[in-house]
>>> print(open('final.cif').read())   # mmCIF, C-alpha atoms
data_data
loop_
_atom_site.label_atom_id
_atom_site.label_comp_id
_atom_site.auth_asym_id
_atom_site.auth_seq_id
_atom_site.Cartn_x
_atom_site.Cartn_y
_atom_site.Cartn_z
CA MET N 1 5.14 -6.75 23.13
CA ALA N 2 4.78 -6.93 19.35
CA ALA N 3 8.50 -7.53 18.86
CA ALA N 4 8.55 -10.26 21.51
CA THR N 5 5.56 -11.94 19.90
CA VAL N 6 7.18 -11.76 16.46
CA LEU N 7 10.27 -13.47 17.91
CA LEU N 8 8.12 -16.10 19.62
CA LEU N 9 6.28 -16.83 16.38
CA GLY N 10 9.62 -16.98 14.55
CA TYR N 11 10.87 -19.50 17.10
CA GLY N 12 7.68 -21.52 16.62
CA THR N 13 8.21 -21.49 12.88
CA VAL N 14 11.74 -22.86 13.26
CA VAL N 15 10.57 -25.57 15.67
CA HIS N 16 7.81 -26.77 13.34
CA VAL N 17 10.05 -26.68 10.24
CA VAL N 18 12.77 -28.65 12.05
CA GLN N 19 10.18 -31.21 13.18
CA LEU N 20 8.90 -31.53 9.60
CA VAL N 21 12.37 -31.97 8.13
CA ALA N 22 13.57 -34.34 10.86
CA ALA N 23 10.51 -36.56 10.33
CA ASP N 24 10.71 -36.58 6.51
CA LEU N 25 7.55 -34.43 6.29
CA ALA N 26 5.57 -36.85 8.49
CA PRO N 27 5.95 -35.55 12.07
CA TYR N 28 4.00 -36.48 15.19
CA PRO N 29 3.13 -40.07 14.16
CA ALA N 30 1.55 -40.90 17.54
CA LEU N 31 -0.94 -38.02 17.33
CA PRO N 32 -4.37 -38.07 15.67
CA GLY N 33 -4.46 -36.79 12.10
CA TRP N 34 -6.30 -33.57 12.95
CA LEU N 35 -3.66 -32.66 15.53
CA ARG N 36 -0.78 -33.56 13.17
CA GLY N 37 -2.45 -31.37 10.54
CA TYR N 38 -2.79 -28.46 12.94
CA PHE N 39 0.83 -28.60 14.10
CA THR N 40 2.01 -28.91 10.49
CA GLY N 41 -0.18 -25.94 9.52
CA LEU N 42 1.68 -23.82 12.05
CA THR N 43 4.65 -23.82 9.66
CA VAL N 44 2.55 -21.40 7.59
CA LEU N 45 0.44 -19.70 10.26
CA ASP N 46 3.32 -18.79 12.60
CA PRO N 47 5.37 -16.86 10.03
CA LEU N 48 2.25 -15.27 8.50
CA ALA N 49 1.18 -13.95 11.91
CA ALA N 50 4.74 -12.76 12.60
CA VAL N 51 4.97 -10.82 9.34
CA LEU N 52 1.55 -9.22 9.75
CA LEU N 53 2.29 -8.30 13.36
CA ALA N 54 5.73 -6.92 12.45
CA ARG N 55 4.00 -4.73 9.84
CA ALA N 56 1.64 -3.46 12.58
CA ARG N 57 -1.42 -4.92 10.89
CA ARG N 58 -4.53 -5.59 12.93
CA SER N 59 -4.97 -8.88 11.12
CA GLY N 60 -1.59 -9.85 12.60
CA VAL N 61 -2.87 -9.17 16.12
CA VAL N 62 -5.94 -11.34 15.52
CA LEU N 63 -3.95 -14.13 13.86
CA ALA N 64 -1.19 -14.09 16.50
CA VAL N 65 -3.72 -14.36 19.33
CA GLY N 66 -5.57 -17.13 17.48
CA VAL N 67 -2.40 -19.05 16.77
CA LEU N 68 -0.98 -18.86 20.30
CA VAL N 69 -4.26 -19.64 22.04
CA THR N 70 -5.06 -22.61 19.79
CA ASP N 71 -1.43 -23.79 19.93
CA ALA N 72 -1.59 -23.78 23.74
CA ALA N 73 -4.86 -25.72 23.61
CA ALA N 74 -3.50 -28.24 21.08
CA ASN N 75 -0.35 -28.74 23.15
CA ALA N 76 -2.45 -29.18 26.28
CA TRP N 77 -4.50 -31.85 24.51
CA ALA N 78 -1.38 -33.63 23.26
CA ASN N 79 0.55 -33.43 26.53
CA LEU N 80 -2.16 -33.68 29.17
CA VAL N 81 -4.80 -35.87 27.53
CA LEU N 82 -2.99 -38.05 25.01
CA ASP N 83 0.39 -38.51 26.72
CA PRO N 84 0.09 -41.37 29.25
CA SER N 85 3.37 -40.49 30.99
CA PRO N 86 2.99 -39.88 34.70
CA GLY N 87 3.99 -36.62 36.35
CA LEU N 88 5.90 -33.70 34.96
CA THR N 89 7.33 -34.10 31.44
CA PRO N 90 9.17 -31.66 29.16
CA GLY N 91 6.03 -31.45 27.00
CA ARG N 92 3.91 -30.48 29.99
CA VAL N 93 6.40 -27.82 31.05
CA GLY N 94 6.41 -26.47 27.48
CA THR N 95 2.62 -26.45 27.47
CA ALA N 96 2.57 -24.43 30.69
CA VAL N 97 5.04 -21.91 29.27
CA LEU N 98 3.09 -21.62 26.01
CA THR N 99 -0.15 -21.14 27.94
CA VAL N 100 1.34 -18.29 29.98
CA LEU N 101 2.64 -16.67 26.78
CA ALA N 102 -0.77 -17.03 25.09
CA LEU N 103 -2.52 -15.46 28.09
CA GLY N 104 0.02 -12.63 28.07
CA LEU N 105 -0.73 -11.97 24.42
CA VAL N 106 -4.47 -11.98 25.10
CA VAL N 107 -3.89 -9.29 27.75
CA ALA N 108 -1.65 -7.31 25.37
CA ALA N 109 -4.00 -7.64 22.40
CA ARG N 110 -5.90 -4.43 23.05
CA PRO N 111 -2.80 -2.16 23.18
CA LEU N 112 -1.40 -3.98 20.13
CA TRP N 113 -4.72 -3.44 18.34
CA ARG N 114 -4.64 0.28 19.11
CA HIS N 115 -1.07 0.55 17.88
CA ALA N 116 -1.70 -1.41 14.67
CA GLU N 117 -3.14 0.10 11.54
CA HIS N 118 -6.30 -1.05 9.86
CA ASP N 119 -5.57 -3.43 7.03
CA ARG N 120 -5.56 -1.59 3.73
CA ASP N 121 -8.00 -4.05 2.20
CA SER N 122 -10.68 -3.31 4.79
CA GLY N 123 -11.29 0.21 3.50
CA ALA N 124 -11.95 1.39 7.05
CA ALA N 125 -10.36 4.49 8.49
CA PRO N 126 -8.09 4.12 11.53
CA ASP N 127 -9.74 4.88 14.86
CA ARG N 128 -7.01 6.78 16.61
#
>>> encode(input="final.cif", output="structure tokens")
Amino acid sequence: MAAATVLLLGYGTVVHVVQLVAADLAPYPALPGWLRGYFTGLTVLDPLAAVLLARARRSGVVLAVGVLVTDAAANAWANLVLDPSPGLTPGRVGTAVLTVLALGLVVAARPLWRHAEHDRDSGAAPDR
């Protein structure tokens, strides 16, 4: 599950970087500023979570869960609340997929936590 999540976060990184570059560093013009800021911030949070998770760090588990859950919520807000389009749209399908992935990661968080090492900075001994 860790490897799949790292790949998913890597994909998210690429998507957000492409959106930034394609929009001349000003993506999502129709969204409120706080939501634009969040989605732009994912260009840093996604790869950070991926690296920490790939290194089997517990902070990576926490950050990956936080990123995917809040990303699903932000996408739901953008696609279900702010988008006035009727019916099924690509954004709504993407939101559903992201929500399922986020829930899957929440379920997998405990085994990932057990597998991961304590962060060196915490000074705590592993509980294996």
>>> atom_distance(input="final.cif", atom1="CA of Ala50 (chain N)", atom2="CA of Ala64 (chain N)")
7.2 Å
>>> resolve_selection(input="final.cif", expression="the PyMOL selection byres ((chain N and resi 106) around 10)", output="ChimeraX atom specification")
/N:61-62,64-66,68-69,100-105,107-110,112
>>> resolve_selection(input="final.cif", expression="the PyMOL selection byres ((chain N and resi 30) around 12)", output="ChimeraX atom specification")
/N:26-29,31-36,78-79,82-84
>>> residues_around(input="final.cif", residues="His16 (chain N)", least_positions_apart="3", cutoff="12 Å", atoms="all atoms listed in the file", output="list of chain:residue names")
N:Leu9, N:Gly10, N:Tyr11, N:Gly12, N:Thr13, N:Gln19, N:Leu20, N:Val21, N:Ala22, N:Ala23, N:Leu25, N:Ala26, N:Pro27, N:Tyr28, N:Arg36, N:Gly37, N:Tyr38, N:Phe39, N:Thr40, N:Gly41, N:Leu42, N:Thr43, N:Val44, N:Leu45, N:Asp46, N:Pro47, N:Asp71
>>> closest_residue(input="final.cif", among="N:Trp77, N:Thr70, N:Leu52, N:Pro86", to="Ala2 (chain N)", atoms="only C-alpha atoms")
N:Leu52
>>> closest_residue(input="final.cif", among="N:Leu8, N:Ala96, N:Leu88, N:Ala56", to="Ala74 (chain N)", atoms="all atoms listed in the file")
N:Ala96
>>> closest_residue(input="final.cif", among="N:His118, N:Val51, N:Ser85, N:Ala73", to="Leu98 (chain N)", atoms="all atoms listed in the file")
N:Ala73
>>> atom_distance(input="final.cif", atom1="CA of Gly94 (chain N)", atom2="CA of Ala76 (chain N)")
9.3 Å
>>> closest_residue(input="final.cif", among="N:Ala49, N:Val18, N:Asp24, N:Thr99", to="Val6 (chain N)", atoms="only C-alpha atoms")
N:Ala49
>>> closest_residue(input="final.cif", among="N:Leu7, N:Leu80, N:Arg57, N:Gly87", to="Arg114 (chain N)", atoms="only C-alpha atoms")
N:Arg57
>>> decode(input="final.cif", residues="region 18-30 of chain N", atoms="N, CA and C atoms", output="PDB file, in the first residue's frame")
ATOM      1  N   VAL N  18       1.796  20.682 -13.432  1.00  0.00           N
ATOM      2  CA  VAL N  18       1.330  20.965 -14.802  1.00  0.00           C
ATOM      3  C   VAL N  18       0.276  22.068 -14.776  1.00  0.00           C
ATOM      4  N   GLN N  19      -0.642  22.015 -13.817  1.00  0.00           N
ATOM      5  CA  GLN N  19      -1.664  23.058 -13.720  1.00  0.00           C
ATOM      6  C   GLN N  19      -1.038  24.419 -13.408  1.00  0.00           C
ATOM      7  N   LEU N  20      -0.027  24.435 -12.566  1.00  0.00           N
ATOM      8  CA  LEU N  20       0.670  25.693 -12.265  1.00  0.00           C
ATOM      9  C   LEU N  20       1.357  26.259 -13.497  1.00  0.00           C
ATOM     10  N   VAL N  21       2.087  25.413 -14.196  1.00  0.00           N
ATOM     11  CA  VAL N  21       2.839  25.857 -15.370  1.00  0.00           C
ATOM     12  C   VAL N  21       1.885  26.280 -16.492  1.00  0.00           C
ATOM     13  N   ALA N  22       0.852  25.490 -16.723  1.00  0.00           N
ATOM     14  CA  ALA N  22      -0.097  25.802 -17.799  1.00  0.00           C
ATOM     15  C   ALA N  22      -0.835  27.112 -17.548  1.00  0.00           C
ATOM     16  N   ALA N  23      -0.999  27.479 -16.286  1.00  0.00           N
ATOM     17  CA  ALA N  23      -1.741  28.698 -15.945  1.00  0.00           C
ATOM     18  C   ALA N  23      -0.806  29.855 -15.576  1.00  0.00           C
ATOM     19  N   ASP N  24       0.451  29.762 -15.969  1.00  0.00           N
ATOM     20  CA  ASP N  24       1.432  30.810 -15.655  1.00  0.00           C
ATOM     21  C   ASP N  24       1.450  31.147 -14.164  1.00  0.00           C
ATOM     22  N   LEU N  25       1.480  30.105 -13.339  1.00  0.00           N
ATOM     23  CA  LEU N  25       1.549  30.201 -11.874  1.00  0.00           C
ATOM     24  C   LEU N  25       0.309  30.826 -11.236  1.00  0.00           C
ATOM     25  N   ALA N  26      -0.801  30.868 -11.962  1.00  0.00           N
ATOM     26  CA  ALA N  26      -2.055  31.398 -11.413  1.00  0.00           C
ATOM     27  C   ALA N  26      -3.218  30.469 -11.778  1.00  0.00           C
ATOM     28  N   PRO N  27      -3.181  29.216 -11.269  1.00  0.00           N
ATOM     29  CA  PRO N  27      -4.227  28.259 -11.647  1.00  0.00           C
ATOM     30  C   PRO N  27      -5.534  28.478 -10.884  1.00  0.00           C
ATOM     31  N   TYR N  28      -6.561  27.827 -11.346  1.00  0.00           N
ATOM     32  CA  TYR N  28      -7.867  27.780 -10.692  1.00  0.00           C
ATOM     33  C   TYR N  28      -8.477  29.171 -10.480  1.00  0.00           C
ATOM     34  N   PRO N  29      -8.541  30.006 -11.504  1.00  0.00           N
ATOM     35  CA  PRO N  29      -9.010  31.385 -11.311  1.00  0.00           C
ATOM     36  C   PRO N  29     -10.458  31.501 -10.830  1.00  0.00           C
ATOM     37  N   ALA N  30     -11.281  30.502 -11.082  1.00  0.00           N
ATOM     38  CA  ALA N  30     -12.688  30.579 -10.678  1.00  0.00           C
ATOM     39  C   ALA N  30     -12.906  30.176  -9.220  1.00  0.00           C
TER      40      ALA N  30
END
